[in-house]
Each structure stands twice: as C-alpha cells, then as structure tokens.
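Worksheet: one structure, shown below.
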Amino acid sequence: MYSKNLTTTPLATESNLERLRTDNLALLRSHGLAEYNTPEEIAFAMGISLGKLSFLTTTRPTSPITHYLRFKISKKTGGERIISAPKPNLKAAQRWILENILEKLEVHNAAHGFCKNRSIVTNAKPHVGANVIVNLDLQNFFQSISYKRVKELFCGFGYLEPVATIFGLICTTAEIEIDGQINYIASEKRHLPQGSPASPAISNLICRHLDSRLTTMAENLGFCYTRYADDLTFSASGDASHRISNLIKNTKFIITSEGFTVNPHKTKTSGKSVQQQVTGVIVNTQLNISKKTLKAFRATLYQIEQEGLSGKQWGNSTNLIAAITGFANYVAMINPNKGAEFKSSVERIKQKYSDSQTDEVRF
C-alpha cells in the first residue's frame, strides 16, 4: 500500500479530518492553489501512475537505484560545489511542483535570486554609492534546509500532512556521496538538493521570515538589505555606517534562530576607498564589472576573431561560443554600452567561423 511510504500521523476522526480539509481548502484558495487530498489525485495531476509516484518518494538503503546524478563544479571563489541533478522522471515531478505550486506564491521583496524579473542587477542596485557594504554568506545553504522544513512549508500553503509529505519527499534527497559511493542518510536528515528545479523557489519561500526579520532590523539601524540565494548584503551611508558591529551581531542572531549558519570565512565589510562588490557587481558609483576582467575578455575576443577558436578558452566551459556569448550578455545586463560592444564581437566570431571549425572545440 502507498501509505507505508508516508510519515505516520495520529489517527483523526472523520469529522476532524473534514474540518481540517475545509480550513485548508480556504487557505489553498487564498493562495490560488489547487486542492489535492490523496496520492491518486497527485499522480493523476502529474500525469504519472501511482506506482511511479511511490517509486519517486521511496528510498531504500538496500537498493542500487538513485534518483540523482551527482557531479562537481568549480566555485568562482575557489573550491568545489556538489550538484545533484535529478533524473528525468523525478525532475519532471519537481518541475510540476514548481510550476503548479511554488511559482504561484510570493517571495519577500528582499529576495532577488531565482525570482521572476529580478537578477544580480536588481540585487546590486539598492547598494550603489553607499558608504559601506557588508557581505555575509549562509553556509551549506540548500543542505541546511531539511525535509521537515520543506514539508511544513507545504502544510503552511494549506495541504494536509499526507499530501505535504509526498511533495516534501519529491523535493528533498536522502542520498549523499562519500568516497564516490552513494549513501542513504536517515529520513529526518533529508535536505534540499542543489540541482533540483524546485530547490531555489523552495529556499526563497522558506526564507520569507528570515528576509522579513533582517529587513526590519536593517531598516531600524539605517541599512538596506537584499539577498541573492545564500549571499546577504547590507549597505548604509552617513551615521548608520557606525553601527556595523551591531548590524553583524543582530544578523548572526537572526540567521541562527532561523535555522541557518553564517559562513565565518565570508563576512566582509567594504568602505568607499576600496572596490565594493555585491554578488560580483561593482557598486561604488555605478553598476560595473572590474576593469581587469573586461580587459581580459576584450583581449580574448580579439584573439579568437583574429586566430580562430582552437586553443582558446573563457571560464571553465568546454563550449567556447556559449561561454563568450553568456559573458557578453552578462556584461550587457550590467553595463549596456560595453555589453553592446562585446555582443557585436561575438556575432562577428559566430559568422566568421564555420560549424566544422567550431566542432573541434566541442560546442
């Protein structure tokens, strides 16, 4: 029976259950969400069989089956990040939850990462020209968001616990990799995987209370606050800049009380006399990218245009055309004039070299 895969709950009388459904239905409708009461209804809505839904929400330590492909990517700041990419069936279920539930809900105005019509640009703009910038980072951001918190999030939307359990299991993982081997951790230690299409939206929704508390605290001290995923930024001018120690102390207290941890190696304070950055964007007087990086990119484009693609590289990607196109678009988003120059160079490169040549560099 499917119920064996669900978290057990105390028995409820039929009248209590009906009352719960009535209350929760009103809550769901207030959020513009559809009602689901059984695994059968969820499976039908997702367009999959009940057996497949059960398979996607079950992890057996004795089974060699894993729902994720894991790989490492290099961080810009050094070190490696483990990505857990869901396999097609699980990814489709996670995307269904994203599109039919998560995207219908509002995130806090301070959140800018993975939000519609928001970006690193909107995250950086409020801090342009400030006297002081304070950057903090949340440690092991996705992994610190447990299955219990995810299930409670869905309960908060108005779903009954058995339904919230199914959504929570689909959106979290109990698998970790140790020495190249997949290991299964206790169910209470399930967490958000970095690589799921649903994880960013879930993290933003779970952080609504964190963002609200930090916004209020920052405003009371004369600071502006924004968050891009696990990167927290505060800025201030005038007398407020003298309250930095108070700001950091209060921020760490709020973060800890909200179930997160500050990365002790990534707290940074920057005055106007140095280069101030917010998620990689310079904000001293206007949004910009470092001159050193722009110079290096311009030189790379010139070399490619003159000599061809072979032997050239930008970033860590093996797809050179995609890499230079992406960076040119990134520059255009921050500095339209410089970006237009780079985009023109990229277009000339694309037109100049044939497909047979570009195949040699695996794009």
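A note on labels: chains of the structure tokens are A, B, ... as shown, every chain counts residues from 1, and ligands are counted from 1 in their shown order.
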### Within 7 Å of region 92-95 of chain A using only C-alpha atoms, minus same-chain residues under 5 positions, as a PyMOL selection string
chain A and resi 46+170-171+197-198
### Task
Excluding Glu40 (chain A) and residues on its chain fewer than 5 positions from it, collect all residues at most 12 Å away from it, counting only C-alpha atoms, and give them as a PyMOL selection string.
chain A and resi 1-3+45-54+162-163+166
### Message
as a ChimeraX atom specification, please: every residue in region 119-301 of chain A that a backbone DSSP assignment puts in strand (DSSP E).
### Response
/A:132-137,175-178,181-184,224-228,231-236,268-271,277-278,281-282
### Task
Find the residues around region 233-237 of chain A up to 8 Å (only C-alpha atoms counted), leave out those fewer than 2 positions away in its own chain, and share them as a ChimeraX atom specification.
/A:127,130-136,218,222-227,231,239-241,278
### Message
When you count only C-alpha atoms, which of these residues is closest to Asn335 (chain A): A:Asp211, A:Pro193, A:Val121, A:Thr38?
### Response
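So, comparing all the options, the nearest one is A:Val121.
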### Task
May I have the residues within 9 Å of Asp137 (chain A) as JSON, numbers by chain, using only C-alpha atoms and disregarding those fewer than 4 positions away in the same chain?
{"A": [141, 230, 231, 232, 233, 261, 262, 263, 264, 265, 266, 267]}
Would you export the selected residues with N, CA, C and O atoms as a PDB file, in the first residue's frame, please?
```
ATOM      1  N   PHE A 141      23.857  26.216   2.209  1.00  0.00           N
ATOM      2  CA  PHE A 141      22.507  26.778   2.166  1.00  0.00           C
ATOM      3  C   PHE A 141      21.424  25.732   1.904  1.00  0.00           C
ATOM      4  O   PHE A 141      20.526  25.517   2.722  1.00  0.00           O
ATOM      5  N   ASP A 230      22.235  32.499  -1.199  1.00  0.00           N
ATOM      6  CA  ASP A 230      22.896  32.455   0.113  1.00  0.00           C
ATOM      7  C   ASP A 230      23.762  33.680   0.392  1.00  0.00           C
ATOM      8  O   ASP A 230      24.432  33.742   1.421  1.00  0.00           O
ATOM      9  N   ASP A 231      23.750  34.669  -0.513  1.00  0.00           N
ATOM     10  CA  ASP A 231      24.535  35.895  -0.330  1.00  0.00           C
ATOM     11  C   ASP A 231      23.666  37.006   0.248  1.00  0.00           C
ATOM     12  O   ASP A 231      22.691  37.438  -0.373  1.00  0.00           O
ATOM     13  N   LEU A 232      24.035  37.499   1.419  1.00  0.00           N
ATOM     14  CA  LEU A 232      23.300  38.571   2.089  1.00  0.00           C
ATOM     15  C   LEU A 232      24.114  39.859   2.006  1.00  0.00           C
ATOM     16  O   LEU A 232      25.323  39.845   2.263  1.00  0.00           O
ATOM     17  N   THR A 233      23.460  40.964   1.652  1.00  0.00           N
ATOM     18  CA  THR A 233      24.151  42.241   1.522  1.00  0.00           C
ATOM     19  C   THR A 233      23.413  43.333   2.286  1.00  0.00           C
ATOM     20  O   THR A 233      22.185  43.450   2.193  1.00  0.00           O
ATOM     21  N   THR A 261      23.233  28.994   9.201  1.00  0.00           N
ATOM     22  CA  THR A 261      24.542  29.248   9.794  1.00  0.00           C
ATOM     23  C   THR A 261      25.317  30.231   8.924  1.00  0.00           C
ATOM     24  O   THR A 261      25.325  30.095   7.692  1.00  0.00           O
ATOM     25  N   VAL A 262      25.959  31.201   9.549  1.00  0.00           N
ATOM     26  CA  VAL A 262      26.794  32.150   8.816  1.00  0.00           C
ATOM     27  C   VAL A 262      28.129  31.492   8.479  1.00  0.00           C
ATOM     28  O   VAL A 262      28.745  30.845   9.329  1.00  0.00           O
ATOM     29  N   ASN A 263      28.563  31.640   7.232  1.00  0.00           N
ATOM     30  CA  ASN A 263      29.886  31.165   6.837  1.00  0.00           C
ATOM     31  C   ASN A 263      30.918  32.109   7.451  1.00  0.00           C
ATOM     32  O   ASN A 263      31.001  33.279   7.067  1.00  0.00           O
ATOM     33  N   PRO A 264      31.729  31.626   8.412  1.00  0.00           N
ATOM     34  CA  PRO A 264      32.644  32.521   9.125  1.00  0.00           C
ATOM     35  C   PRO A 264      33.743  33.111   8.254  1.00  0.00           C
ATOM     36  O   PRO A 264      34.383  34.092   8.633  1.00  0.00           O
ATOM     37  N   HIS A 265      33.969  32.508   7.085  1.00  0.00           N
ATOM     38  CA  HIS A 265      35.064  32.961   6.215  1.00  0.00           C
ATOM     39  C   HIS A 265      34.610  33.953   5.150  1.00  0.00           C
ATOM     40  O   HIS A 265      35.429  34.427   4.357  1.00  0.00           O
ATOM     41  N   LYS A 266      33.309  34.274   5.119  1.00  0.00           N
ATOM     42  CA  LYS A 266      32.811  35.128   4.037  1.00  0.00           C
ATOM     43  C   LYS A 266      32.077  36.369   4.524  1.00  0.00           C
ATOM     44  O   LYS A 266      31.253  36.921   3.796  1.00  0.00           O
ATOM     45  N   THR A 267      32.378  36.813   5.732  1.00  0.00           N
ATOM     46  CA  THR A 267      31.827  38.084   6.204  1.00  0.00           C
ATOM     47  C   THR A 267      32.828  39.179   5.875  1.00  0.00           C
ATOM     48  O   THR A 267      33.991  39.103   6.247  1.00  0.00           O
TER      49      THR A 267
END
```
### Task
Could you jot down the CA of Ala296 (chain A) to CA of Lys338 (chain A) separation for me, Å, one decimal place?
13.4 Å
### Task
Considering only C-alpha atoms, return as a count of residues only whatever protein or nucleic-acid residues lie within 12 Å of Ile206 (chain A), sequence-local ones (same chain, fewer than 6 positions apart) excluded.
29
### Task
Please give the complete set of residues from region 113-315 of chain A that DSSP, run on the backbone, assigns to alpha helix (DSSP H), formatted as a ChimeraX atom specification.
/A:120-124,147-157,161-171,199-206,208-220,244-257,291-307
### Task
Could you please determine the separation between CA of Ile289 (chain A) and CA of Val128 (chain A) in Å, to one decimal place?
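Pair CA of Ile289 (chain A) / CA of Val128 (chain A) returns 13.1 Å.
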### Message
Let me make sure I understand: among A:Thr172, A:Thr165, A:Thr66, A:Asn16, which one has the smallest atom-to-atom distance to Asn37 (chain A) if we use only C-alpha atoms?
### Response
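Closest residue, counting only C-alpha atoms: A:Thr165.
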Please provide the set of residues having any atom within 9 Å of Ile349 (chain A), restricted to only C-alpha atoms, with same-chain residues fewer than 2 positions apart removed, written as a PDB file with C-alpha atoms, in the first residue's frame.
```pdb
ATOM      1  CA  LEU A 301      37.568  38.097 -28.151  1.00  0.00           C
ATOM      2  CA  ILE A 304      39.500  34.470 -31.226  1.00  0.00           C
ATOM      3  CA  GLU A 305      38.455  36.791 -34.035  1.00  0.00           C
ATOM      4  CA  GLY A 308      40.142  31.222 -34.566  1.00  0.00           C
ATOM      5  CA  LEU A 309      38.588  29.169 -31.799  1.00  0.00           C
ATOM      6  CA  ILE A 321      30.867  30.008 -28.094  1.00  0.00           C
ATOM      7  CA  SER A 344      28.968  42.677 -31.688  1.00  0.00           C
ATOM      8  CA  SER A 345      32.360  40.965 -31.439  1.00  0.00           C
ATOM      9  CA  VAL A 346      30.724  37.660 -30.540  1.00  0.00           C
ATOM     10  CA  GLU A 347      28.364  37.906 -33.531  1.00  0.00           C
ATOM     11  CA  GLN A 351      29.650  34.478 -38.594  1.00  0.00           C
ATOM     12  CA  LYS A 352      33.348  34.135 -39.364  1.00  0.00           C
ATOM     13  CA  TYR A 353      33.926  30.532 -38.383  1.00  0.00           C
TER      14      TYR A 353
END
```
### Query
Taking only C-alpha atoms into account, which of A:Ser310, A:Gly168, A:Asn220, A:Thr293 comes nearest Asn246 (chain A)?
A:Asn220
### Message
With distances taken over only C-alpha atoms, which residue among A:Asn24, A:Ser84, A:Phe167, A:Tyr68 lies nearest Ile42 (chain A)?
### Response
A:Phe167
### Query
Nearest to Met217 (chain A): which of A:Lys350, A:Arg243, A:Arg190, A:Lys291 is it, counting only C-alpha atoms?
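Ranking A:Lys350, A:Arg243, A:Arg190, A:Lys291 by distance to Met217 (chain A), first place goes to A:Arg243.
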### Query
When you draw a straight line from CA of Glu341 (chain A) to CA of Gly280 (chain A), how long is it in Å?
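Here the two named atoms are 20.7 Å from each other.
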